[in-house]
Amino acid sequence: MGSCSPFAAAACVMAVFCRSQRISAFSQPSSKHHSSPLAAGTSRLPKRRQGSCALYLSSSSDIQAKLKQQMKKLQERDAGSVEVSPEELAVVYEDEHIVVVDKPAGVLTVPGKETNPSLNKAVFEKYGSESGRMDKMVVHRLGMDTSGLVVFARTNAALRGMNTLFRTRKVTRRYEALVCGHFSKDCGVIDLPLMRDYINPPYMRISTEDRQRALIGLTHEEVGKKLLESPKPSITEFEVLNRESIDSNGTDVTRVALTSVSGRTHQLNVHCAAVGHPIVGDTVYGFGGEAAANGGLDDAELPEDKANEELQKNIAEAMVGKPMCVHAKSISFEHPVTME
């Protein structure tokens, strides 16, 4: 599937109309979910032992300086987005209203302010849109390092319909990923709220009471609206597909199916890191990444089956120069216009 090289099996891409009259697109064959989720986390986090929010408080000028510095780095990284021509698009479903495309890793979904190469641009050049605007095709996004299925709207009615489906959580997205270490449970639910990390902006982290208290007194004018947003309830379902090793030295990884119930920014990355199993090849939320380690939690707050530091380090070293191992494998929804 590209994004999980060298560990993943070759991709097989197909699109299917289900008898339930929901559109389902698949990139790679998927395993049927066969067991009930078991709670693996809770949104009611205990108070942290450090207690004083003063330990975490940054001045508004420090926050803005860090944000500016990091945004510059992200812009430089986005400039390296791989160009995809209309002829190279891997289209898995299309009709007069929508098109579903399998995005390669290393390609931006949308160009951003700098008009970088993007999947959006290639789709617009091939199909156009009723509005005549490229941005009016976008209904959701995948991160640049994430491969997999992306839906684009071709008509105004489809754009409105897809936005409603996403807003009301009537779109089911299933991912496949390799994570560090072995999950002890076969399936479960990670239910941990997310917030913007003002220590490491613009990244996300698990929201805790002390981190929220540290924001008291800051204003939108000082640090921007996003950093002061309320914690976002976030739910990820996981199912173990296989427990594997990537070499003969016992470098353990787990192949998991991840269902993003709430669809928050960087949700899968933060949740996997917060339960001690960061996604293989994640240079932001994984070992030595730019975001807070463990999704912002202390080692003592992680489950007993967490991947140890040595294992994470070995995997990170083996993955240098390789793409992150997460793939948006399937997406299912009622057609936004025909309701079929």
# chains A, B, ... in the order shown; residues from 1 in each chain; ligands from 1
>>> residues_around(residues="A:Pro202", least_positions_apart="2", cutoff="12 Å", atoms="only C-alpha atoms", output="PyMOL selection string")
chain A and resi 63-74+195-200+204-205+223-228+265-266+284+290-292
>>> residues_around(residues="A:Thr164", least_positions_apart="6", cutoff="12 Å", atoms="only C-alpha atoms", output="compact mmCIF listing (two decimals) with N, CA, C and O atoms, in the first residue's frame")
# COMPACT_ATOMS: atom_id res chain seq x y z
N VAL A 139 -13.88 17.91 1.07
CA VAL A 139 -14.81 17.61 2.16
C VAL A 139 -14.11 17.02 3.38
O VAL A 139 -14.65 17.02 4.48
N HIS A 140 -12.90 16.50 3.19
CA HIS A 140 -12.08 16.03 4.32
C HIS A 140 -10.65 15.90 3.81
O HIS A 140 -10.37 16.09 2.63
N ALA A 157 -24.26 20.31 -4.59
CA ALA A 157 -25.13 19.47 -3.77
C ALA A 157 -24.32 18.41 -3.04
O ALA A 157 -24.57 18.12 -1.87
N ALA A 158 -23.35 17.85 -3.72
CA ALA A 158 -22.50 16.83 -3.10
C ALA A 158 -21.65 17.44 -1.99
O ALA A 158 -21.44 16.83 -0.94
N LYS A 170 -21.72 10.50 10.12
CA LYS A 170 -22.35 9.42 9.38
C LYS A 170 -21.44 8.86 8.30
O LYS A 170 -21.89 8.23 7.35
N VAL A 171 -20.14 9.12 8.47
CA VAL A 171 -19.12 8.57 7.58
C VAL A 171 -18.24 7.65 8.42
O VAL A 171 -17.74 8.04 9.47
N PHE A 333 -20.37 5.56 3.40
CA PHE A 333 -21.35 6.60 3.69
C PHE A 333 -22.52 6.49 2.73
O PHE A 333 -22.42 5.87 1.67
N GLU A 334 -23.63 7.08 3.10
CA GLU A 334 -24.79 7.19 2.21
C GLU A 334 -24.50 8.25 1.16
O GLU A 334 -23.90 9.29 1.47
N HIS A 335 -24.87 8.01 -0.08
CA HIS A 335 -24.58 8.96 -1.14
C HIS A 335 -25.17 10.32 -0.78
O HIS A 335 -26.34 10.43 -0.41
N PRO A 336 -24.37 11.40 -0.87
CA PRO A 336 -24.82 12.71 -0.40
C PRO A 336 -25.92 13.35 -1.23
O PRO A 336 -26.57 14.30 -0.78
N VAL A 337 -26.17 12.85 -2.44
CA VAL A 337 -27.17 13.45 -3.32
C VAL A 337 -28.32 12.48 -3.59
O VAL A 337 -29.48 12.79 -3.38
>>> select_by_dssp(residues="stretch 74-255 of chain A", states="strand (DSSP E or B)", output="VMD selection string")
chain A and resid 91 to 94 98 to 103 108 118 138 147 to 153 172 to 180 187 to 191 194 to 196 204 to 206 232 235 to 245 252 to 255
>>> residues_around(residues="A:Val253", least_positions_apart="5", cutoff="7 Å", atoms="only C-alpha atoms", output="ChimeraX atom specification")
/A:178-182,243-245
>>> select_by_dssp(residues="stretch 131-167 of chain A", states="alpha helix (DSSP H)", output="mmCIF file with C-alpha atoms, in the first residue's frame")
data_model
loop_
_atom_site.group_PDB
_atom_site.id
_atom_site.type_symbol
_atom_site.label_atom_id
_atom_site.label_comp_id
_atom_site.auth_asym_id
_atom_site.auth_seq_id
_atom_site.Cartn_x
_atom_site.Cartn_y
_atom_site.Cartn_z
ATOM 1 C CA ASN A 156 -22.458 21.898 -4.972
ATOM 2 C CA ALA A 157 -25.133 19.473 -3.768
ATOM 3 C CA ALA A 158 -22.496 16.832 -3.096
ATOM 4 C CA LEU A 159 -20.367 19.346 -1.191
ATOM 5 C CA ARG A 160 -23.278 20.286 1.077
ATOM 6 C CA GLY A 161 -24.287 16.664 1.543
ATOM 7 C CA MET A 162 -20.787 15.405 2.360
ATOM 8 C CA ASN A 163 -20.201 18.245 4.821
ATOM 9 C CA THR A 164 -23.414 17.267 6.599
ATOM 10 C CA LEU A 165 -22.445 13.593 6.679
ATOM 11 C CA PHE A 166 -19.059 14.365 8.225
ATOM 12 C CA ARG A 167 -20.516 16.863 10.684
#
